[in-house]
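Below is the file work.cif, which contains mmCIF, C-alpha atoms.
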data_final
#
loop_
_atom_site.label_atom_id
_atom_site.label_comp_id
_atom_site.auth_asym_id
_atom_site.auth_seq_id
_atom_site.Cartn_x
_atom_site.Cartn_y
_atom_site.Cartn_z
CA ASP A 16 48.85 -11.23 57.86
CA ALA A 17 46.46 -8.73 56.29
CA LEU A 18 46.96 -5.78 53.95
CA PHE A 19 44.41 -2.96 53.77
CA PHE A 20 45.00 -0.62 50.82
CA ASP A 21 43.17 2.73 50.70
CA PRO A 22 43.62 4.57 47.37
CA GLN A 23 41.75 7.61 48.73
CA ASN A 24 39.24 7.54 45.85
CA ARG A 25 42.03 7.82 43.27
CA PRO A 26 42.59 5.47 40.31
CA TYR A 27 44.57 2.37 41.17
CA ALA A 28 45.51 -0.99 39.70
CA PRO A 29 44.76 -3.79 39.67
CA VAL A 30 41.11 -3.04 40.49
CA VAL A 31 40.69 -6.50 42.03
CA PRO A 32 43.82 -7.35 44.05
CA LEU A 33 45.59 -10.68 44.01
CA GLN A 34 45.60 -12.60 47.24
CA GLY A 35 48.85 -13.97 48.66
CA ALA A 36 51.38 -12.03 46.59
CA GLY A 37 51.23 -9.14 44.16
CA SER A 38 51.31 -5.37 44.02
CA LEU A 39 48.93 -2.44 44.23
CA GLN A 40 49.58 1.00 42.86
CA VAL A 41 47.78 4.34 42.84
CA THR A 42 48.20 6.01 39.45
CA GLY A 43 51.21 8.31 39.55
CA HIS A 44 52.66 6.76 42.70
CA GLY A 45 55.00 3.88 43.45
CA PRO A 46 53.67 0.34 43.89
CA VAL A 47 52.99 -1.47 47.14
CA ASN A 48 54.43 -4.96 46.75
CA TYR A 49 53.45 -7.80 49.04
CA VAL A 50 54.15 -11.50 49.52
CA GLU A 51 52.71 -14.16 51.82
CA VAL A 52 49.74 -11.99 52.76
CA GLU A 53 46.70 -14.04 53.67
CA LEU A 54 44.15 -11.26 53.27
CA VAL A 55 44.27 -8.28 50.89
CA ARG A 56 41.50 -5.71 51.01
CA VAL A 57 41.10 -2.52 48.97
CA ILE A 58 39.07 0.24 50.62
CA ALA A 59 37.06 1.17 47.55
CA ALA A 60 33.71 0.76 45.84
CA PRO A 61 32.55 -2.66 44.65
CA VAL A 62 33.62 -3.77 41.17
CA ILE A 63 30.66 -4.75 38.97
CA THR A 64 31.17 -6.79 35.80
CA PHE A 65 28.38 -7.76 33.41
CA VAL A 66 28.55 -11.40 32.33
CA ASP A 67 27.65 -12.72 28.86
CA GLU A 68 27.51 -9.36 27.11
CA PRO A 69 26.36 -8.19 24.64
CA TYR A 70 22.68 -8.56 25.48
CA LEU A 71 20.83 -8.93 22.18
CA ILE A 72 17.36 -10.39 21.62
CA THR A 73 14.43 -10.21 19.20
CA GLU A 74 10.95 -9.03 20.17
CA GLY A 75 9.17 -11.82 22.02
CA GLN A 76 12.33 -13.37 23.47
CA GLY A 77 13.55 -13.34 27.05
CA VAL A 78 17.04 -12.61 28.32
CA VAL A 79 19.24 -13.54 31.27
CA LEU A 80 21.01 -10.52 32.79
CA ARG A 81 23.93 -11.45 35.01
CA VAL A 82 26.59 -9.59 37.00
CA SER A 83 29.67 -10.58 38.95
CA VAL A 84 30.45 -8.33 41.91
CA VAL A 85 33.67 -8.05 43.93
CA PRO A 86 32.63 -6.21 47.13
CA LEU A 87 36.07 -4.78 48.08
CA GLY A 88 36.03 -2.53 51.16
CA LEU A 89 37.27 -3.14 54.67
CA PHE A 90 34.87 -6.01 55.24
CA GLY A 91 34.88 -7.56 51.78
CA SER A 92 31.11 -8.02 51.77
CA LEU A 93 28.06 -6.36 50.26
CA ALA A 94 25.50 -4.65 52.45
CA GLY A 95 22.69 -6.28 50.47
CA PRO A 96 21.82 -7.72 47.09
CA VAL A 97 22.64 -5.79 43.95
CA SER A 98 19.74 -3.73 42.62
CA TRP A 99 18.73 -3.01 39.05
CA ASP A 100 17.36 -0.06 37.12
CA LEU A 101 15.60 -1.70 34.18
CA ASP A 102 13.44 1.12 32.87
CA GLY A 103 16.07 3.86 32.79
CA ASP A 104 14.38 6.15 35.31
CA GLY A 105 17.40 6.32 37.62
CA PHE A 106 15.71 4.32 40.38
CA PHE A 107 17.68 1.23 41.42
CA GLY A 108 15.31 -1.27 42.91
CA ASP A 109 13.21 -2.53 40.01
CA MET A 110 14.61 -6.00 40.79
CA THR A 111 17.43 -7.43 42.91
CA GLY A 112 19.94 -10.25 42.59
CA ASP A 113 23.06 -11.18 40.66
CA VAL A 114 21.04 -13.02 37.99
CA LEU A 115 17.75 -11.92 36.41
CA ALA A 116 15.96 -14.39 34.13
CA MET A 117 13.64 -12.01 32.31
CA THR A 118 10.77 -13.31 30.19
CA TRP A 119 9.44 -11.13 27.38
CA GLU A 120 6.33 -10.44 29.44
CA ARG A 121 8.48 -9.21 32.35
CA LEU A 122 10.50 -6.97 30.03
CA VAL A 123 7.27 -5.46 28.72
CA ASP A 124 6.21 -4.75 32.32
CA PHE A 125 9.25 -2.47 32.61
CA GLY A 126 8.59 -0.75 29.29
CA LEU A 127 11.09 -2.72 27.20
CA SER A 128 8.45 -3.62 24.65
CA ASP A 129 9.72 -2.54 21.25
CA ASP A 130 12.83 -2.64 19.09
CA TRP A 131 15.36 -0.24 20.60
CA VAL A 132 18.62 -0.03 22.54
CA TYR A 133 17.80 0.20 26.24
CA GLN A 134 20.15 1.21 29.06
CA ILE A 135 20.30 -1.20 32.00
CA GLY A 136 21.86 -0.15 35.31
CA VAL A 137 23.11 -2.05 38.38
CA SER A 138 23.99 -0.72 41.83
CA ALA A 139 25.95 -2.44 44.61
CA THR A 140 26.92 -1.15 48.07
CA ASN A 141 29.52 -2.75 50.33
CA LEU A 142 29.58 -2.79 54.15
CA ASP A 143 31.78 0.33 54.11
CA GLY A 144 28.74 2.14 52.68
CA VAL A 145 30.47 2.75 49.36
CA THR A 146 28.26 2.36 46.30
CA ALA A 147 29.20 1.50 42.72
CA ARG A 148 27.00 1.68 39.67
CA ALA A 149 27.56 0.09 36.28
CA PHE A 150 25.62 0.27 33.03
CA THR A 151 25.11 -1.87 29.96
CA THR A 152 22.62 -2.00 27.10
CA LEU A 153 19.96 -4.42 25.97
CA THR A 154 19.35 -4.35 22.23
CA ILE A 155 15.94 -5.56 21.07
CA LEU A 156 15.56 -6.25 17.36
CA ASP A 157 12.27 -6.04 15.50
CA ARG A 158 10.30 -9.18 14.67
CA ALA A 159 7.97 -9.19 11.71
CA PRO A 160 4.28 -9.71 12.57
CA VAL A 161 2.73 -13.07 11.74
CA ILE A 162 -0.16 -12.43 9.36
CA THR A 163 -3.01 -14.94 9.06
CA LEU A 164 -5.47 -14.94 6.16
CA ALA A 165 -8.89 -16.58 6.22
CA GLY A 166 -11.29 -17.05 3.32
CA ALA A 167 -12.85 -19.61 1.03
CA ASP A 168 -10.66 -21.72 -1.26
CA ASN A 169 -13.09 -21.32 -4.16
CA VAL A 170 -15.20 -18.52 -5.61
CA LEU A 171 -17.25 -18.04 -8.77
CA VAL A 172 -16.41 -15.39 -11.34
CA GLY A 173 -18.58 -12.37 -10.58
CA ASP A 174 -19.31 -13.38 -6.99
CA THR A 175 -18.02 -11.42 -4.01
CA TYR A 176 -15.00 -12.97 -2.32
CA SER A 177 -14.50 -12.15 1.37
CA LEU A 178 -11.09 -12.19 3.03
CA SER A 179 -10.25 -11.61 6.68
CA PHE A 180 -6.79 -10.97 8.07
CA THR A 181 -5.10 -10.60 11.44
CA ALA A 182 -1.56 -9.94 12.61
CA VAL A 183 0.25 -10.94 15.79
CA ASP A 184 3.29 -8.89 16.81
CA PRO A 185 5.03 -9.36 20.18
CA GLY A 186 6.42 -5.83 19.99
CA ALA A 187 4.58 -2.56 20.57
CA ASP A 188 4.19 -2.01 16.83
CA VAL A 189 0.90 -0.56 15.59
CA ILE A 190 -0.30 -1.48 12.11
CA THR A 191 -1.15 1.73 10.26
CA GLU A 192 -2.05 0.28 6.87
CA TRP A 193 -2.99 -2.96 5.13
CA ARG A 194 -2.12 -3.64 1.48
CA VAL A 195 -4.06 -6.39 -0.30
CA ASP A 196 -2.78 -7.94 -3.51
CA TRP A 197 -5.71 -9.94 -4.92
CA GLY A 198 -3.43 -11.81 -7.32
CA ASP A 199 -5.35 -10.98 -10.51
CA GLY A 200 -3.35 -8.00 -11.70
CA SER A 201 -5.71 -5.45 -10.20
CA PRO A 202 -4.21 -2.49 -8.27
CA ILE A 203 -3.08 -3.07 -4.69
CA GLU A 204 -5.96 -2.26 -2.38
CA VAL A 205 -4.89 -0.03 0.53
CA LEU A 206 -6.90 -0.20 3.74
CA PRO A 207 -6.52 1.55 7.12
CA GLY A 208 -4.78 -0.21 9.98
CA SER A 209 -8.12 -0.66 11.75
CA ALA A 210 -9.43 -2.91 8.95
CA SER A 211 -9.73 -6.66 9.46
CA SER A 212 -11.42 -7.76 6.23
CA ALA A 213 -11.84 -6.91 2.55
CA ILE A 214 -13.97 -8.00 -0.41
CA HIS A 215 -13.19 -8.44 -4.10
CA VAL A 216 -14.91 -9.57 -7.31
CA TYR A 217 -12.88 -11.61 -9.79
CA GLY A 218 -13.60 -11.13 -13.47
CA ALA A 219 -11.81 -14.13 -14.93
CA PRO A 220 -11.29 -17.78 -13.94
CA GLY A 221 -8.02 -19.26 -12.78
CA LEU A 222 -5.86 -19.85 -9.73
CA VAL A 223 -4.88 -16.66 -7.91
CA GLN A 224 -2.59 -16.11 -4.97
CA ILE A 225 -3.64 -13.47 -2.48
CA ARG A 226 -1.03 -11.71 -0.35
CA VAL A 227 -1.60 -9.14 2.36
CA GLY A 228 1.02 -6.68 3.59
CA ALA A 229 0.95 -5.13 7.07
CA VAL A 230 2.58 -1.71 7.41
CA ASN A 231 4.01 -0.37 10.67
CA GLU A 232 6.93 1.91 11.58
CA ASP A 233 9.43 -0.91 11.00
CA ALA A 234 7.99 -2.32 7.78
CA PRO A 235 9.87 -2.54 4.49
CA THR A 236 8.37 -1.08 1.32
CA GLY A 237 5.08 -2.85 0.69
CA GLY A 238 4.77 -3.96 4.30
CA PHE A 239 5.45 -7.28 5.98
CA LEU A 240 3.89 -9.86 3.64
CA SER A 241 1.71 -12.81 4.54
CA ALA A 242 2.15 -16.25 3.07
CA PRO A 243 0.10 -16.52 -0.14
CA LYS A 244 -3.41 -17.88 -0.06
CA THR A 245 -4.40 -19.77 -3.21
CA VAL A 246 -7.98 -19.37 -4.43
CA ASN A 247 -9.60 -21.17 -7.34
CA VAL A 248 -11.77 -18.74 -9.32
CA ARG A 249 -14.28 -20.84 -11.27
CA ILE A 250 -16.94 -20.32 -13.88
CA SER A 251 -20.45 -21.41 -12.93
CA LEU A 252 -21.52 -24.45 -14.92
#
Using the file provided, produce a representation of the structure as structure tokens.
Amino acid sequence: DALFFDPQNRPYAPVVPLQGAGSLQVTGHGPVNYVEVELVRVIAAPVITFVDEPYLITEGQGVVLRVSVVPLGLFGSLAGPVSWDLDGDGFFGDMTGDVLAMTWERLVDFGLSDDWVYQIGVSATNLDGVTARAFTTLTILDRAPVITLAGADNVLVGDTYSLSFTAVDPGADVITEWRVDWGDGSPIEVLPGSASSAIHVYGAPGLVQIRVGAVNEDAPTGGFLSAPKTVNVRISL
């Protein structure tokens, strides 16, 4: 025996019917109870459920997006694979399939390249031609840039010390300012984001620890700090 239940586009429960025995009910109407029914079909849009929510990553990481779809409808099958809107433009077809294993590079291709909360959409159509859409969010957290310092380990008092610095950030974060702490009590030297090196003259001997801060839109006060670089300032003998 088979039961075909058509709610006429009105709310009903349960959304996914039990096979064999159970009940179906349109909101505000009496239930339809059934037993020993081999096939139960609801003439309605597919039911899309996101699996493993919430989706939360840090810049540079990948993510697996996964959905479970109950086709419903007269035929109980989908007309094709589910399709995804990953960039929030309303077009479903960026990628297809129940499971998307997205690398960071692939996310960047679709514009998901910085810390933010992004809307992700999925669309599924059954063989009745009825389409359902569901939405979730992908939260990307900021990752601090990795700052590398390069320079000599020793310098003489009065000589010019040269320091170079670089930063690697997987996110679309632009460095707007560098802040160099030379470790000798002198004022912090502020340089534009386009800088990649700086020079300094030490006036007294001793061990100093140089730190460099990188400032972008996500940086704390003083910028993201590098690991210290120890330099031995010596007197010429």
Q: Tell me, as a VMD selection string, which residues lie within 9 Å of A:Val66, counting only C-alpha atoms; anything in the same chain fewer than 3 positions away does not count.
A: chain A and resid 69 80 to 83
Q) How many Å lie between atom CA of A:Thr163 and atom CA of A:Ser241, rounded to one decimal? A)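 Between atom CA of A:Thr163 and atom CA of A:Ser241 the gap works out to 6.9 Å.
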**Q.** Pick from A:Pro26, A:Pro207, A:Gly75, A:Gly136 nearest to A:Trp99, counting only C-alpha atoms
**A.**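 Under the stated criterion, the closest residue is A:Gly136.
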**Q.** Residue members of the PyMOL selection byres ((chain A and resi 49) around 6) in the file shown, as a VMD selection string
**A.** chain A and resid 36 to 38 48 50
Q. Could you spell out the hits of the PyMOL selection byres ((chain A and resi 30) around 10) on the shown file, as an NGL selection string?
A. :A and (26-29 or 31-33 or 39-40 or 57 or 59-62 or 85 or 87)
What would the file look like if the residues just selected were written as a compact mmCIF listing (two decimals), in the coordinates of the input with C-alpha atoms?
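Dumped everything to part21.txt:
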# COMPACT_ATOMS: atom_id res chain seq x y z
CA PRO A 26 42.59 5.47 40.31
CA TYR A 27 44.57 2.37 41.17
CA ALA A 28 45.51 -0.99 39.70
CA PRO A 29 44.76 -3.79 39.67
CA VAL A 31 40.69 -6.50 42.03
CA PRO A 32 43.82 -7.35 44.05
CA LEU A 33 45.59 -10.68 44.01
CA LEU A 39 48.93 -2.44 44.23
CA GLN A 40 49.58 1.00 42.86
CA VAL A 57 41.10 -2.52 48.97
CA ALA A 59 37.06 1.17 47.55
CA ALA A 60 33.71 0.76 45.84
CA PRO A 61 32.55 -2.66 44.65
CA VAL A 62 33.62 -3.77 41.17
CA VAL A 85 33.67 -8.05 43.93
CA LEU A 87 36.07 -4.78 48.08
**Q.** A:His215 surroundings by all atoms listed in the file, 7 Å radius, close-in-sequence under 2 positions cut, as a list in words
**A.**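 The filter keeps Thr175, Tyr176, Ser177, Ala213 and Tyr217 of chain A.
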Q. If you measure from atom CA of A:Asn169 to atom CA of A:Ser201, what distance in Å do you get, rounded to one decimal?
A.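 Atom CA of A:Asn169 sits 18.5 Å away from atom CA of A:Ser201.
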Just need the box for stretch 52-65 of chain A, edges along x, y and z, holding every atom the file lists for it with 3 Å tacked onto each side, so centre and edge lengths in Å to one decimal, as JSON.
{"center_x": 39.1, "center_y": -6.4, "center_z": 43.5, "size_x": 27.4, "size_y": 21.2, "size_z": 26.3}
Q) Between atom CA of A:Tyr70 and atom CA of A:Asn141, what is the distance, to one decimal in Å? A)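 Between atom CA of A:Tyr70 and atom CA of A:Asn141 the gap works out to 26.4 Å.
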Q: Do a neighbour search on A:Asn247 at 8 Å with all atoms listed in the file, toss out local chain neighbours closer than 3 positions, and write the hits as a count of residues only.
A: 7
Q) Hey, which of A:Thr118, A:Leu142, A:Gly45, A:Ile58 ends up closest to A:Phe20? Count only C-alpha atoms. A) A:Ile58
Q) the PyMOL selection byres ((chain A and resi 107-114) around 12) on the file shown: which residues, as a ChimeraX atom specification? A) /A:63-67,78-85,93,95-106,115-117,121-122,124-126,135-140,146-150
Those residues you just picked out, can you put them in a file as a PDB file, in the coordinates of the input with C-alpha atoms?
ATOM      1  CA  ILE A  63      30.660  -4.750  38.970  1.00  0.00           C
ATOM      2  CA  THR A  64      31.170  -6.790  35.800  1.00  0.00           C
ATOM      3  CA  PHE A  65      28.380  -7.760  33.410  1.00  0.00           C
ATOM      4  CA  VAL A  66      28.550 -11.400  32.330  1.00  0.00           C
ATOM      5  CA  ASP A  67      27.650 -12.720  28.860  1.00  0.00           C
ATOM      6  CA  VAL A  78      17.040 -12.610  28.320  1.00  0.00           C
ATOM      7  CA  VAL A  79      19.240 -13.540  31.270  1.00  0.00           C
ATOM      8  CA  LEU A  80      21.010 -10.520  32.790  1.00  0.00           C
ATOM      9  CA  ARG A  81      23.930 -11.450  35.010  1.00  0.00           C
ATOM     10  CA  VAL A  82      26.590  -9.590  37.000  1.00  0.00           C
ATOM     11  CA  SER A  83      29.670 -10.580  38.950  1.00  0.00           C
ATOM     12  CA  VAL A  84      30.450  -8.330  41.910  1.00  0.00           C
ATOM     13  CA  VAL A  85      33.670  -8.050  43.930  1.00  0.00           C
ATOM     14  CA  LEU A  93      28.060  -6.360  50.260  1.00  0.00           C
ATOM     15  CA  GLY A  95      22.690  -6.280  50.470  1.00  0.00           C
ATOM     16  CA  PRO A  96      21.820  -7.720  47.090  1.00  0.00           C
ATOM     17  CA  VAL A  97      22.640  -5.790  43.950  1.00  0.00           C
ATOM     18  CA  SER A  98      19.740  -3.730  42.620  1.00  0.00           C
ATOM     19  CA  TRP A  99      18.730  -3.010  39.050  1.00  0.00           C
ATOM     20  CA  ASP A 100      17.360  -0.060  37.120  1.00  0.00           C
ATOM     21  CA  LEU A 101      15.600  -1.700  34.180  1.00  0.00           C
ATOM     22  CA  ASP A 102      13.440   1.120  32.870  1.00  0.00           C
ATOM     23  CA  GLY A 103      16.070   3.860  32.790  1.00  0.00           C
ATOM     24  CA  ASP A 104      14.380   6.150  35.310  1.00  0.00           C
ATOM     25  CA  GLY A 105      17.400   6.320  37.620  1.00  0.00           C
ATOM     26  CA  PHE A 106      15.710   4.320  40.380  1.00  0.00           C
ATOM     27  CA  LEU A 115      17.750 -11.920  36.410  1.00  0.00           C
ATOM     28  CA  ALA A 116      15.960 -14.390  34.130  1.00  0.00           C
ATOM     29  CA  MET A 117      13.640 -12.010  32.310  1.00  0.00           C
ATOM     30  CA  ARG A 121       8.480  -9.210  32.350  1.00  0.00           C
ATOM     31  CA  LEU A 122      10.500  -6.970  30.030  1.00  0.00           C
ATOM     32  CA  ASP A 124       6.210  -4.750  32.320  1.00  0.00           C
ATOM     33  CA  PHE A 125       9.250  -2.470  32.610  1.00  0.00           C
ATOM     34  CA  GLY A 126       8.590  -0.750  29.290  1.00  0.00           C
ATOM     35  CA  ILE A 135      20.300  -1.200  32.000  1.00  0.00           C
ATOM     36  CA  GLY A 136      21.860  -0.150  35.310  1.00  0.00           C
ATOM     37  CA  VAL A 137      23.110  -2.050  38.380  1.00  0.00           C
ATOM     38  CA  SER A 138      23.990  -0.720  41.830  1.00  0.00           C
ATOM     39  CA  ALA A 139      25.950  -2.440  44.610  1.00  0.00           C
ATOM     40  CA  THR A 140      26.920  -1.150  48.070  1.00  0.00           C
ATOM     41  CA  THR A 146      28.260   2.360  46.300  1.00  0.00           C
ATOM     42  CA  ALA A 147      29.200   1.500  42.720  1.00  0.00           C
ATOM     43  CA  ARG A 148      27.000   1.680  39.670  1.00  0.00           C
ATOM     44  CA  ALA A 149      27.560   0.090  36.280  1.00  0.00           C
ATOM     45  CA  PHE A 150      25.620   0.270  33.030  1.00  0.00           C
TER      46      PHE A 150
END
Q.
I'd like the contact shell of A:Leu18 - 10 Å cut-off, only C-alpha atoms, skipping same-chain residues fewer than 2 positions apart - returned as a count of residues only.
A. 12
**Q.** Selection: 12 Å around A:Val230, only C-alpha atoms, excl. self and same-chain fewer than 2 positions, as a VMD selection string
**A.** chain A and resid 159 to 160 162 182 184 188 to 195 205 to 209 227 to 228 232 to 241
Q | Nearest to A:Trp119 by atom-to-atom distance, counting all atoms listed in the file, from A:Val172, A:Val246, A:Leu89, A:Ala187 | A |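 Using all atoms listed in the file, the shortest distance to A:Trp119 belongs to A:Ala187.
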Q. Using only C-alpha atoms, which residue out of A:Pro22, A:Pro243, A:Gly91, A:Gly200 lies closest to A:Gly144?
A.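 Of the candidates, the smallest distance to A:Gly144 is held by A:Gly91.
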Q. With all atoms listed in the file as the atoms that count, which of A:Asp174, A:Trp197, A:Ile203, A:Ile72 lies nearest to A:Arg158?
A.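 Looking only at the distances to A:Arg158, the closest residue turns out to be A:Ile72.
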**Q.** For A:Val183, the nearest of the candidates A:Ala242, A:Ile214, A:Asp196, A:Ala229, counting all atoms listed in the file
**A.**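 Closest to A:Val183 of all the choices is A:Ala229.
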